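Printed here is run_9.txt (compact mmCIF, C-alpha atoms):
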# COMPACT_ATOMS: atom_id res chain seq x y z
CA MET A 719 -37.33 27.73 -11.91
CA MET A 720 -38.46 25.53 -14.81
CA PRO A 721 -40.89 22.77 -13.77
CA TRP A 722 -38.86 19.97 -15.44
CA TYR A 723 -35.73 21.08 -13.61
CA LYS A 724 -37.55 21.18 -10.29
CA PHE A 725 -38.99 17.72 -10.92
CA LEU A 726 -35.63 16.26 -12.00
CA LEU A 727 -33.83 17.75 -9.00
CA LEU A 728 -36.46 16.42 -6.63
CA TYR A 729 -36.23 12.99 -8.26
CA LEU A 730 -32.42 12.98 -8.03
CA TRP A 731 -32.65 13.98 -4.38
CA ILE A 732 -35.25 11.41 -3.30
CA ALA A 733 -34.67 8.39 -5.59
CA PRO A 734 -31.03 7.63 -4.61
CA HIS A 735 -32.06 7.49 -0.96
CA VAL A 736 -34.91 5.10 -1.72
CA VAL A 737 -32.42 2.88 -3.57
CA LEU A 738 -29.97 3.31 -0.69
CA ALA A 739 -32.66 2.09 1.70
CA VAL A 740 -32.94 -1.07 -0.43
CA VAL A 741 -29.14 -1.44 -0.25
CA ALA A 742 -29.23 -0.98 3.54
CA VAL A 743 -31.92 -3.65 3.93
CA LEU A 744 -30.01 -6.06 1.64
CA LEU A 745 -26.87 -5.53 3.72
CA LEU A 746 -28.81 -6.49 6.82
CA THR A 747 -30.64 -9.49 5.35
CA ARG A 748 -27.39 -10.88 3.91
CA ARG A 749 -25.63 -10.31 7.24
CA LEU A 750 -22.89 -8.25 5.56
CA TYR A 751 -22.83 -5.96 8.60
CA THR A 752 -20.31 -8.31 10.21
CA GLY A 753 -17.73 -7.71 7.46
CA PHE A 754 -18.70 -4.16 6.57
CA PRO A 755 -20.06 -2.41 9.68
CA ALA A 756 -18.81 1.02 8.55
CA PHE A 757 -20.60 0.72 5.19
CA VAL A 758 -23.82 -0.33 6.93
CA VAL A 759 -23.54 2.65 9.30
CA TYR A 760 -22.81 4.89 6.31
CA THR A 761 -25.94 3.80 4.41
CA TRP A 762 -28.24 4.30 7.43
CA TYR A 763 -26.55 7.57 8.25
CA GLU A 764 -27.09 8.86 4.70
CA ILE A 765 -30.75 7.90 4.88
CA GLY A 766 -31.13 9.66 8.25
CA GLU A 767 -29.36 12.74 6.92
CA PHE A 768 -31.66 12.84 3.90
CA VAL A 769 -34.79 12.57 6.07
CA MET A 770 -33.57 15.40 8.30
CA LEU A 771 -32.70 17.73 5.41
CA PHE A 772 -35.94 16.86 3.62
CA VAL A 773 -38.00 17.72 6.71
CA ILE A 774 -36.12 21.02 7.10
CA THR A 775 -36.89 21.85 3.46
CA VAL A 776 -40.54 20.82 3.61
CA THR A 777 -41.18 22.78 6.82
CA GLY A 778 -39.64 25.89 5.29
CA LEU A 779 -36.71 26.13 7.70
CA ASN A 780 -34.31 26.09 4.76
CA ARG A 781 -34.68 29.83 4.21
CA GLY A 782 -32.39 30.63 7.13
CA ALA A 783 -28.93 29.43 7.98
CA VAL A 784 -30.27 26.27 9.67
CA TYR A 785 -30.26 24.18 6.50
CA MET A 786 -26.72 25.23 5.57
CA ARG A 787 -25.35 24.47 9.03
CA VAL A 788 -27.00 21.07 9.22
CA PHE A 789 -25.90 20.32 5.67
CA LEU A 790 -22.24 21.16 6.36
CA VAL A 791 -22.09 19.26 9.67
CA THR A 792 -23.70 16.14 8.20
CA LEU A 793 -21.44 16.39 5.14
CA ALA A 794 -18.36 16.41 7.38
CA ILE A 795 -19.56 13.28 9.24
CA SER A 796 -20.43 11.59 5.95
CA THR A 797 -16.93 12.33 4.59
CA ALA A 798 -15.31 10.82 7.68
CA LEU A 799 -17.49 7.71 7.33
CA ARG A 800 -16.40 7.32 3.71
CA PHE A 801 -12.76 7.17 4.78
CA GLY A 802 -13.82 4.50 7.27
CA VAL A 803 -15.53 2.48 4.53
CA ILE A 804 -12.46 2.67 2.23
CA GLN A 805 -10.27 1.42 5.10
CA GLU A 806 -12.78 -1.35 5.75
CA VAL A 807 -12.76 -2.50 2.11
CA PHE A 808 -8.95 -2.37 2.12
CA ASP A 809 -8.78 -4.59 5.24
CA ASN A 810 -11.32 -7.03 3.82
CA VAL A 811 -9.42 -7.42 0.56
CA PHE A 812 -5.88 -7.79 1.91
CA ARG A 813 -6.18 -9.04 5.50
CA GLU A 814 -6.07 -12.73 4.69
CA HIS A 815 -2.96 -12.36 2.49
CA GLY A 816 -0.26 -11.79 5.13
CA GLN A 817 2.73 -10.66 3.06
CA VAL A 818 0.66 -8.68 0.59
CA TYR A 819 -1.26 -7.04 3.47
CA ALA A 820 1.97 -5.75 4.99
CA LEU A 821 3.16 -4.45 1.62
CA ALA A 822 -0.27 -2.97 0.87
CA LYS A 823 -0.38 -1.13 4.22
CA VAL A 824 3.00 0.50 3.61
CA SER A 825 2.02 1.38 0.03
CA LEU A 826 -1.30 2.80 1.23
CA ARG A 827 0.51 5.11 3.66
CA TRP A 828 2.81 6.34 0.90
CA THR A 829 -0.11 6.79 -1.49
CA THR A 830 -2.04 8.80 1.11
CA GLY A 831 1.01 10.97 1.74
CA PHE A 832 1.51 11.48 -1.97
CA LEU A 833 -2.17 12.38 -2.52
CA LEU A 834 -2.08 14.82 0.40
CA ALA A 835 1.00 16.49 -1.07
CA ALA A 836 -0.69 16.61 -4.50
CA VAL A 837 -3.78 18.25 -2.96
CA VAL A 838 -1.67 20.91 -1.22
CA LEU A 839 0.39 21.59 -4.35
CA CYS A 840 -2.71 21.78 -6.54
CA ALA A 841 -4.31 24.17 -4.03
CA ILE A 842 -1.25 26.42 -4.26
CA PHE A 843 -0.56 26.30 -8.00
CA ALA A 844 -3.98 25.71 -9.56
CA SER A 845 -6.29 27.58 -7.21
CA GLY A 846 -7.76 30.00 -9.77
CA GLN A 847 -10.21 32.63 -8.67
CA THR A 848 -11.94 31.66 -5.43
CA SER A 849 -15.22 33.02 -4.15
CA GLY A 850 -15.27 33.96 -0.47
CA SER A 851 -18.66 32.35 0.31
CA LEU A 852 -19.21 29.55 2.85
CA ILE A 853 -20.15 27.13 0.07
CA ALA A 854 -16.97 27.99 -1.82
CA GLY A 855 -14.93 27.36 1.34
CA ALA A 856 -16.60 24.00 1.91
CA ALA A 857 -16.10 23.15 -1.77
CA TRP A 858 -12.40 24.01 -1.45
CA VAL A 859 -12.03 21.44 1.35
CA GLY A 860 -14.33 18.96 -0.43
CA ARG A 861 -12.18 19.14 -3.56
CA GLY A 862 -9.12 17.97 -1.64
CA VAL A 863 -11.07 15.21 0.11
CA ALA A 864 -12.48 14.00 -3.22
CA ILE A 865 -8.99 13.75 -4.75
CA ILE A 866 -7.72 11.71 -1.78
CA GLN A 867 -10.74 9.39 -1.68
CA CYS A 868 -10.75 8.75 -5.41
CA GLY A 869 -6.98 8.16 -5.36
CA LEU A 870 -7.29 5.68 -2.50
CA VAL A 871 -10.04 3.72 -4.27
CA LEU A 872 -7.96 3.58 -7.45
CA PHE A 873 -4.93 2.41 -5.46
CA LEU A 874 -7.02 -0.28 -3.80
CA LEU A 875 -8.37 -1.63 -7.09
CA LEU A 876 -5.05 -1.45 -8.95
CA PHE A 877 -3.03 -3.01 -6.13
CA SER A 878 -5.46 -5.92 -5.78
CA ARG A 879 -5.27 -6.43 -9.54
CA VAL A 880 -1.45 -6.55 -9.51
CA PHE A 881 -1.66 -9.63 -7.26
CA GLY A 882 -4.63 -11.17 -9.03
CA LEU A 883 -6.81 -10.88 -5.91
CA SER A 884 -10.38 -11.37 -6.95
CA LEU A 885 -12.72 -9.09 -5.06
CA GLN A 886 -16.20 -10.39 -4.42
CA SER A 887 -18.75 -8.57 -6.54
CA TYR A 888 -20.25 -6.47 -3.77
CA VAL A 889 -16.81 -5.52 -2.39
CA PHE A 890 -15.75 -4.35 -5.83
CA GLY A 891 -19.09 -2.54 -6.15
CA ILE A 892 -18.66 -0.67 -2.86
CA ALA A 893 -15.18 0.52 -3.90
CA LEU A 894 -16.27 1.40 -7.44
CA GLY A 895 -19.31 3.33 -6.17
CA PHE A 896 -17.15 5.44 -3.86
CA GLY A 897 -14.61 5.99 -6.64
CA ILE A 898 -17.27 7.25 -9.08
CA LEU A 899 -18.89 9.37 -6.34
CA SER A 900 -15.54 10.94 -5.44
CA SER A 901 -14.67 11.72 -9.06
CA VAL A 902 -18.04 13.39 -9.66
CA GLU A 903 -17.64 15.33 -6.40
CA LEU A 904 -14.18 16.42 -7.50
CA ALA A 905 -15.60 17.99 -10.66
CA ASP A 906 -18.53 19.46 -8.73
CA THR A 907 -16.51 20.99 -5.89
CA ALA A 908 -13.85 22.29 -8.28
CA MET A 909 -16.50 24.27 -10.16
CA ARG A 910 -18.12 25.51 -6.95
CA THR A 911 -14.93 27.09 -5.60
CA GLY A 912 -15.32 29.91 -8.14
CA GLU A 913 -18.08 32.42 -8.82
CA LEU A 914 -21.08 30.70 -10.41
CA THR A 915 -23.88 31.96 -12.60
CA GLN A 916 -27.37 30.77 -11.66
CA SER A 917 -27.60 28.39 -14.61
CA MET A 918 -24.21 26.87 -13.78
CA ALA A 919 -25.21 26.37 -10.15
CA ARG A 920 -28.35 24.57 -11.33
CA ALA A 921 -26.38 22.34 -13.65
CA LEU A 922 -23.97 21.49 -10.83
CA ASN A 923 -26.89 20.57 -8.55
CA LEU A 924 -27.89 17.98 -11.13
CA LEU A 925 -24.30 16.75 -11.51
CA SER A 926 -23.75 16.08 -7.80
CA THR A 927 -27.12 14.44 -7.18
CA GLY A 928 -26.85 12.50 -10.46
CA GLY A 929 -23.39 11.23 -9.48
CA TYR A 930 -24.75 10.09 -6.14
CA HIS A 931 -27.60 8.29 -7.90
CA VAL A 932 -25.13 6.46 -10.15
CA ALA A 933 -23.01 5.43 -7.12
CA VAL A 934 -26.04 4.06 -5.27
CA LEU A 935 -27.16 2.14 -8.35
CA ILE A 936 -23.64 0.64 -8.62
CA TRP A 937 -23.86 -0.52 -4.99
CA LEU A 938 -27.25 -2.08 -5.59
CA GLY A 939 -26.23 -3.62 -8.92
CA TYR A 940 -23.11 -5.31 -7.57
CA LEU A 941 -24.98 -6.41 -4.45
CA VAL A 942 -27.67 -8.26 -6.41
CA ALA A 943 -25.39 -9.44 -9.26
CA PRO A 944 -24.45 -13.14 -9.05
CA GLU A 945 -20.81 -13.96 -8.26
CA ARG A 946 -18.64 -14.86 -11.25
CA LYS A 947 -18.12 -18.56 -11.83
CA ILE A 948 -15.02 -20.58 -12.57
CA LEU A 949 -12.96 -20.90 -15.29
CA GLN A 950 -12.19 -19.93 -18.90
CA THR A 951 -9.54 -18.25 -21.10
CA SER A 952 -5.91 -17.19 -20.64
CA ASN A 953 -3.95 -14.14 -21.78
CA VAL A 954 -0.34 -15.10 -21.09
CA PRO A 955 1.58 -15.29 -24.41
CA ILE A 956 2.84 -18.86 -24.48
CA GLY A 957 4.49 -18.23 -27.87
CA GLY A 958 6.78 -15.63 -26.26
CA VAL A 959 8.12 -18.17 -23.80
CA ASP A 960 8.79 -20.72 -26.54
CA GLN A 961 10.70 -18.11 -28.46
CA TRP A 962 12.82 -17.30 -25.41
CA ASN A 963 13.54 -21.00 -24.90
CA ARG A 964 14.77 -21.32 -28.49
CA GLU A 965 16.89 -18.18 -28.20
CA LEU A 966 18.40 -19.42 -24.95
CA GLU A 967 19.25 -22.82 -26.38
CA ARG A 968 20.92 -21.10 -29.33
CA PHE A 969 22.82 -18.84 -26.94
CA LEU A 970 24.03 -21.71 -24.78
CA GLN A 971 25.34 -23.76 -27.72
CA MET B 834 -11.78 28.97 -14.04
CA SER B 835 -8.68 27.37 -15.63
CA GLY B 836 -7.82 25.82 -12.23
CA ALA B 837 -11.34 24.40 -11.99
CA LEU B 838 -11.09 22.99 -15.51
CA LEU B 839 -7.88 21.19 -14.55
CA TYR B 840 -9.71 19.50 -11.68
CA VAL B 841 -12.61 18.60 -13.96
CA ALA B 842 -10.12 17.02 -16.39
CA ILE B 843 -8.57 15.03 -13.50
CA ALA B 844 -12.06 13.91 -12.43
CA ILE B 845 -12.88 12.71 -15.95
CA VAL B 846 -9.60 10.76 -16.18
CA LEU B 847 -10.20 9.15 -12.77
CA ALA B 848 -13.77 8.19 -13.66
CA ALA B 849 -12.60 6.75 -16.99
CA LEU B 850 -9.93 4.68 -15.20
CA LEU B 851 -12.52 3.32 -12.78
CA ALA B 852 -14.86 2.48 -15.64
CA TYR B 853 -12.00 0.68 -17.41
CA LEU B 854 -11.26 -1.36 -14.28
CA ALA B 855 -14.92 -2.31 -13.99
CA ALA B 856 -15.19 -3.24 -17.67
CA THR B 857 -12.04 -5.39 -17.73
CA ARG B 858 -12.86 -7.07 -14.43
CA SER B 859 -15.33 -9.40 -16.06
CA ARG B 860 -12.53 -11.33 -17.85
CA ASP B 861 -12.96 -14.94 -16.80
CA PRO B 862 -10.14 -16.83 -15.11
CA LEU B 863 -8.44 -19.56 -17.13
CA ALA B 864 -9.38 -23.21 -17.26
CA ILE B 865 -7.34 -25.91 -15.56
CA ASP B 866 -6.01 -27.27 -18.88
CA GLN B 867 -4.77 -23.84 -19.86
CA ALA B 868 -3.16 -23.37 -16.46
CA ARG B 869 -1.30 -26.65 -16.97
CA ALA B 870 -0.28 -25.58 -20.48
CA LEU B 871 1.16 -22.37 -19.05
CA MET B 872 3.06 -24.39 -16.48
CA GLY B 873 4.58 -26.60 -19.14
CA SER B 874 5.50 -23.66 -21.35
CA LEU B 875 8.18 -22.39 -18.98
CA ASP B 876 11.54 -24.17 -19.18
CA ILE B 877 12.36 -23.89 -15.50
CA GLU B 878 15.63 -25.84 -15.89
CA ALA B 879 16.92 -23.26 -18.36
CA PHE B 880 15.98 -20.52 -15.91
CA ARG B 881 17.66 -22.37 -13.05
CA ASN B 882 20.80 -22.64 -15.18
CA LEU B 883 20.77 -18.90 -15.89
CA VAL B 884 20.70 -17.96 -12.21
CA ASP B 885 22.96 -20.76 -10.93
CA PRO B 886 25.89 -19.29 -8.89
CA ASP B 887 28.10 -22.33 -9.74
CA GLU B 888 27.52 -21.69 -13.42
CA GLU B 889 28.45 -18.06 -12.86
CA ALA B 890 31.63 -19.06 -11.01
CA PHE B 891 32.57 -21.37 -13.87
CA LEU B 892 32.08 -18.60 -16.46
CA ARG B 893 34.04 -16.16 -14.31
CA SER B 894 36.98 -18.55 -14.07
CA SER B 895 37.03 -19.46 -17.75
CA LEU B 896 36.35 -16.10 -19.47
CA PRO B 897 38.26 -12.81 -19.64
CA ALA B 898 36.71 -10.11 -17.38
CA ASP B 899 35.20 -8.02 -20.21
CA GLN B 900 33.63 -11.01 -21.91
CA PHE B 901 32.37 -12.35 -18.58
CA ARG B 902 30.60 -9.04 -17.83
CA ALA B 903 28.99 -9.02 -21.28
CA ILE B 904 27.86 -12.64 -20.93
CA LYS B 905 26.58 -12.06 -17.40
CA ARG B 906 24.58 -9.06 -18.55
CA GLU B 907 23.04 -11.12 -21.37
CA ARG B 908 22.22 -13.93 -18.95
CA ALA B 909 20.62 -11.49 -16.51
CA TRP B 910 18.41 -10.01 -19.25
CA ALA B 911 17.39 -13.50 -20.39
CA ALA B 912 16.62 -14.47 -16.76
CA LEU B 913 14.58 -11.27 -16.41
CA ALA B 914 12.44 -12.33 -19.36
CA TYR B 915 11.84 -15.67 -17.64
CA VAL B 916 10.94 -13.98 -14.36
CA ARG B 917 8.54 -11.67 -16.16
CA THR B 918 6.82 -14.68 -17.70
CA LEU B 919 6.85 -16.45 -14.34
CA SER B 920 5.24 -13.38 -12.80
CA GLY B 921 2.52 -13.45 -15.48
CA ILE B 922 1.91 -17.13 -14.81
CA ALA B 923 1.70 -16.41 -11.05
CA LEU B 924 -0.97 -13.79 -11.76
CA GLU B 925 -2.99 -16.29 -13.78
CA PHE B 926 -2.56 -18.94 -11.05
CA SER B 927 -3.76 -16.41 -8.49
CA ARG B 928 -6.90 -15.66 -10.53
CA PHE B 929 -7.45 -19.37 -11.02
CA GLY B 930 -7.00 -20.06 -7.31
CA HIS B 931 -9.39 -17.29 -6.30
CA ALA B 932 -12.04 -18.59 -8.70
CA ALA B 933 -11.53 -22.19 -7.49
CA ARG B 934 -11.96 -21.01 -3.87
CA ARG B 935 -15.63 -20.48 -4.65
CA SER B 936 -16.09 -24.09 -5.72
CA PRO B 937 -18.99 -25.84 -3.97
CA ASP B 938 -16.67 -28.83 -3.37
CA PRO B 939 -14.88 -28.07 -0.06
CA HIS B 940 -11.76 -30.02 -1.09
CA ALA B 941 -11.46 -28.10 -4.37
CA ALA B 942 -12.16 -24.82 -2.54
CA GLU B 943 -9.36 -25.54 -0.04
CA LEU B 944 -6.99 -26.40 -2.90
CA GLY B 945 -8.04 -23.17 -4.62
CA ARG B 946 -7.20 -21.23 -1.45
CA GLN B 947 -3.75 -22.86 -1.32
CA ILE B 948 -3.13 -22.22 -5.04
CA ALA B 949 -4.09 -18.55 -4.62
CA ALA B 950 -1.87 -18.10 -1.54
CA GLY B 951 1.06 -19.84 -3.26
CA ALA B 952 0.57 -17.79 -6.44
CA ILE B 953 0.67 -14.55 -4.45
CA ARG B 954 3.93 -15.63 -2.79
CA LEU B 955 5.25 -16.56 -6.25
CA ARG B 956 4.27 -13.15 -7.61
CA LEU B 957 5.96 -11.37 -4.70
CA GLY B 958 9.07 -13.50 -5.19
CA ALA B 959 9.06 -12.71 -8.91
CA LEU B 960 8.83 -8.97 -8.18
CA GLU B 961 11.78 -9.24 -5.79
CA ALA B 962 13.80 -11.32 -8.28
CA THR B 963 13.04 -8.76 -11.01
CA GLY B 964 14.61 -6.04 -8.87
CA ARG B 965 17.70 -8.14 -8.11
CA LEU B 966 18.19 -9.23 -11.73
CA PHE B 967 17.76 -5.69 -12.95
CA VAL B 968 20.59 -4.61 -10.64
CA VAL B 969 22.79 -7.47 -11.92
CA ALA B 970 21.93 -6.66 -15.56
CA THR B 971 22.90 -3.03 -14.97
CA PHE B 972 25.96 -3.72 -12.81
CA PRO B 973 27.35 -7.15 -13.82
CA ASP B 974 30.08 -7.01 -11.15
CA PHE B 975 27.45 -7.35 -8.42
CA PRO B 976 27.25 -10.91 -7.07
CA GLN B 977 24.17 -12.82 -8.17
CA CYS B 978 22.28 -15.04 -5.75
CA CYS B 979 20.06 -17.87 -6.92
CA PRO B 980 16.36 -17.20 -6.19
CA HIS B 981 15.94 -20.57 -4.42
CA SER B 982 12.69 -19.57 -2.71
CA LEU B 983 11.18 -18.52 -6.05
CA LEU B 984 12.03 -21.86 -7.64
CA GLU B 985 10.72 -23.77 -4.61
CA GLN B 986 7.51 -21.75 -4.63
CA TYR B 987 7.05 -22.45 -8.34
CA ALA B 988 7.48 -26.18 -7.70
CA ARG B 989 4.93 -26.04 -4.85
CA SER B 990 2.43 -24.09 -6.98
CA THR B 991 2.72 -26.46 -9.93
CA GLY B 992 2.30 -29.40 -7.53
CA LEU B 993 -0.90 -27.91 -6.17
CA LEU B 994 -2.19 -27.26 -9.66
CA LEU B 995 -1.51 -30.87 -10.69
CA HIS B 996 -3.32 -32.00 -7.56
CA TYR B 997 -6.31 -29.84 -8.49
CA SER B 998 -6.19 -31.16 -12.04
CA THR B 999 -6.28 -34.76 -10.80
CA LEU B 1000 -9.20 -33.93 -8.52
CA ASP B 1001 -11.00 -32.18 -11.39
CA ARG B 1002 -10.50 -35.18 -13.71
CA ALA B 1003 -11.70 -37.62 -11.05
CA ARG B 1004 -14.80 -35.52 -10.50
CA LYS B 1005 -15.64 -35.48 -14.21
CA GLN B 1006 -15.27 -39.26 -14.65
CA PRO B 1007 -18.58 -41.12 -14.62
CA ALA B 1008 -19.09 -43.17 -11.47
Would you mind giving the structure from this file in structure tokens?
Amino acid sequence: MMPWYKFLLLYLWIAPHVVLAVVAVLLLTRRLYTGFPAFVVYTWYEIGEFVMLFVITVTGLNRGAVYMRVFLVTLAISTALRFGVIQEVFDNVFREHGQVYALAKVSLRWTTGFLLAAVVLCAIFASGQTSGSLIAGAAWVGRGVAIIQCGLVLFLLLFSRVFGLSLQSYVFGIALGFGILSSVELADTAMRTGELTQSMARALNLLSTGGYHVAVLIWLGYLVAPERKILQTSNVPIGGVDQWNRELERFLQ
Amino acid sequence: MSGALLYVAIAIVLAALLAYLAATRSRDPLAIDQARALMGSLDIEAFRNLVDPDEEAFLRSSLPADQFRAIKRERAWAALAYVRTLSGIALEFSRFGHAARRSPDPHAAELGRQIAAGAIRLRLGALEATGRLFVVATFPDFPQCCPHSLLEQYARSTGLLLHYSTLDRARKQPA
């Protein structure tokens, strides 16, 4: 293995978790754990998972099946927590808007159903050649999960935009980070379901860890960014309304 | 591998969409003067006339059936254009209200909260009215009901905005 690759991979494994620790501390000091308990749990869980896997690697236990088992179990828990965080962001954004909340909940159920159907159909019609390894199996499941999570985040952001709901910076950041993470994981897991050459597997290692690093930086960035202030320009075409008024007056005469 | 490439393409599209949402999010909400200008730009009386059931009954009684259907369709399309504009205004009011909610002045923040809540109700009402008017524009024989709640909500929202404007002006005046 080339030294630069080894160094880069190690950096992309360790650095995001250091940044995530900063995010976790900021969440605690700003008392955001009351509004986002699942996200706080997720950040500490990810840090704990990293420490455990790092220790297994450093002590040389990673040569057996131990590392793979721990990795897959912790990945499953992490995935479940991510669904929890998306639900939490959704509740935080819409809860205080009664009518919109009811509409959003129904729409969310339909969107989830639609995404689930899309995942099943894609699995049937666009499966391609699949490797029989454990990693390929996990990637096959991960691919479906990534589609659903990314779709849910997009729905959340688009639906809030339709009603002009302004998300606080860090709330938007949490959702955006998960969206970017899910989209990178979608590409990563899709490639891993097939047979991989060694160089491709190495490139994918960088893609997944790099995507995670970007997501963590987004969380940190939006957490420390100042909230937007009030009040500037407009985009509604006033001229269009005037024209309609004139046309209507002409029509009514 | 072609299946995998399809997923990679989907991932790129999704990431691009998210990046677009993040980039366009930074657009600032409008100023109070522009919000008032928007308010004044919509001839609400003309809209009220277009969706008035009495007006419709009068046209029905005084026009032949074919001509009445054609006129009603035209009126429904014109009303749809108004509702679309109203919906756009509601969106801007909502953004304005959400931004005003963060005002350090508690009175202005409370008004902002009310403007945002009213704007969301207005937007929902406009979406509902769009559906109804679209049905009427497609099938002119369907009875048309006046969107009273939409008009009332618009009046309430504009009232709140004027209240905010007065407060804003009073705050800017030297003591």
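If you look at CA of Gly778 in chain A and CA of Gln916 in chain A, they are 21.5 Å away from each other.
Nearest residue to chain A, choosing from B:Asn882, B:Ala950, B:Val916, B:Gly945 and counting only C-alpha atoms: B:Ala950.
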With a cut-off of 8 Å, could you pull out the residues of range 796-909 of chain A touching range 845-859 of chain B and give me the nearest pair of atoms for each, distance in Å to one decimal, using all atoms listed in the file, ordered by chain and ascending number, as a Markdown table?
| residue | atom | partner | partner_atom | distance |
| --- | --- | --- | --- | --- |
| A:Cys868 | CA | B:Leu847 | CA | 7.4 |
| A:Leu872 | CA | B:Leu851 | CA | 7.0 |
| A:Leu875 | CA | B:Leu854 | CA | 7.8 |
| A:Leu894 | CA | B:Leu851 | CA | 6.8 |
| A:Gly897 | CA | B:Leu851 | CA | 7.0 |
| A:Ile898 | CA | B:Ala848 | CA | 5.8 |
| A:Ser901 | CA | B:Ala848 | CA | 5.9 |
| A:Val902 | CA | B:Ala848 | CA | 7.8 |
| A:Ala905 | CA | B:Ile845 | CA | 8.0 |
Excluding range 730-747 of chain A and residues on its chain fewer than 2 positions from it, collect all residues at most 10 Å away from it, counting only C-alpha atoms, and give them as a PyMOL selection string.
chain A and resi 724-728+749-752+754-755+757-762+764-769+772+923-935+937-939+941-942
Spatial neighbours of range 804-811 of chain A, 9 Å, only C-alpha atoms, chain gap at least 5 places, as a ChimeraX atom specification:
/A:753-757,799,819,822-823,867,870-871,874,878,883-886,889-890,892-893,896
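CA of Tyr915 in chain B lies 25.2 Å from CA of His815 in chain A.
Each of B:Tyr987, B:Phe972, B:Phe929, B:Tyr997 was checked against Trp910 in chain B using all atoms listed in the file; the smallest atom-to-atom distance is that of B:Phe972.
Note that CA of Cys979 in chain B and CA of Val884 in chain B are 5.3 Å apart.
Checking B:Gln947, B:Thr991, B:Ser936, B:Gln986 one by one against chain A, counting only C-alpha atoms, you find the shortest gap at B:Ser936.
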Pick out the residues sitting within 10 Å of Leu984 in chain B, and hand them over as a list in words; count all atoms listed in the file, and ignore anything fewer than 2 positions along from it in its own chain.
Ile877, Glu878, Phe880, Arg881, Leu955, Gly958, Ala959, Cys979, Pro980, His981, Ser982, Gln986, Tyr987, Ala988, Arg989 and Ser990 of chain B
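Closest approach to chain A among B:Arg956, B:Arg917, B:Arg946, B:His940: B:Arg956, based on only C-alpha atoms.
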Name all residues at most 12 Å from Cys840 in chain A (count all atoms listed in the file; drop same-chain ones fewer than 4 positions away) and give them as a PyMOL selection string.
(chain A and resi 833-836+844-846+858+861-862+865+908) or (chain B and resi 836-837+839-840+843)
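Considering the residues B:Ala868, B:Leu995, B:Gly873, B:Pro976 and counting all atoms listed in the file, Arg928 in chain B has its shortest atom-to-atom contact with B:Ala868.
Among the candidate residues B:Arg965, B:Lys905, B:His931, B:Arg869, the one lying nearest to chain A is B:His931, with distances computed using all atoms listed in the file.
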Could N, CA and C atoms be built for range 904-915 of chain A and written out as a compact mmCIF listing (two decimals), in the coordinates of the input?
# COMPACT_ATOMS: atom_id res chain seq x y z
N LEU A 904 -15.37 15.62 -7.18
CA LEU A 904 -14.18 16.42 -7.50
C LEU A 904 -14.53 17.48 -8.55
N ALA A 905 -15.20 17.04 -9.62
CA ALA A 905 -15.60 17.99 -10.66
C ALA A 905 -16.56 19.03 -10.10
N ASP A 906 -17.51 18.58 -9.30
CA ASP A 906 -18.53 19.46 -8.73
C ASP A 906 -17.91 20.52 -7.81
N THR A 907 -17.09 20.05 -6.87
CA THR A 907 -16.51 20.99 -5.89
C THR A 907 -15.51 21.93 -6.56
N ALA A 908 -14.80 21.42 -7.58
CA ALA A 908 -13.85 22.29 -8.28
C ALA A 908 -14.57 23.47 -8.93
N MET A 909 -15.73 23.19 -9.52
CA MET A 909 -16.50 24.27 -10.16
C MET A 909 -17.09 25.22 -9.12
N ARG A 910 -17.45 24.68 -7.97
CA ARG A 910 -18.12 25.51 -6.95
C ARG A 910 -17.17 26.45 -6.21
N THR A 911 -15.86 26.20 -6.32
CA THR A 911 -14.93 27.09 -5.60
C THR A 911 -14.91 28.49 -6.22
N GLY A 912 -15.31 28.60 -7.48
CA GLY A 912 -15.32 29.91 -8.14
C GLY A 912 -16.69 30.56 -8.10
N GLU A 913 -16.79 31.73 -8.72
CA GLU A 913 -18.08 32.42 -8.82
C GLU A 913 -18.93 31.68 -9.85
N LEU A 914 -20.22 31.47 -9.51
CA LEU A 914 -21.08 30.70 -10.41
C LEU A 914 -22.26 31.55 -10.88
N THR A 915 -22.63 31.36 -12.14
CA THR A 915 -23.88 31.96 -12.60
C THR A 915 -25.01 31.05 -12.10
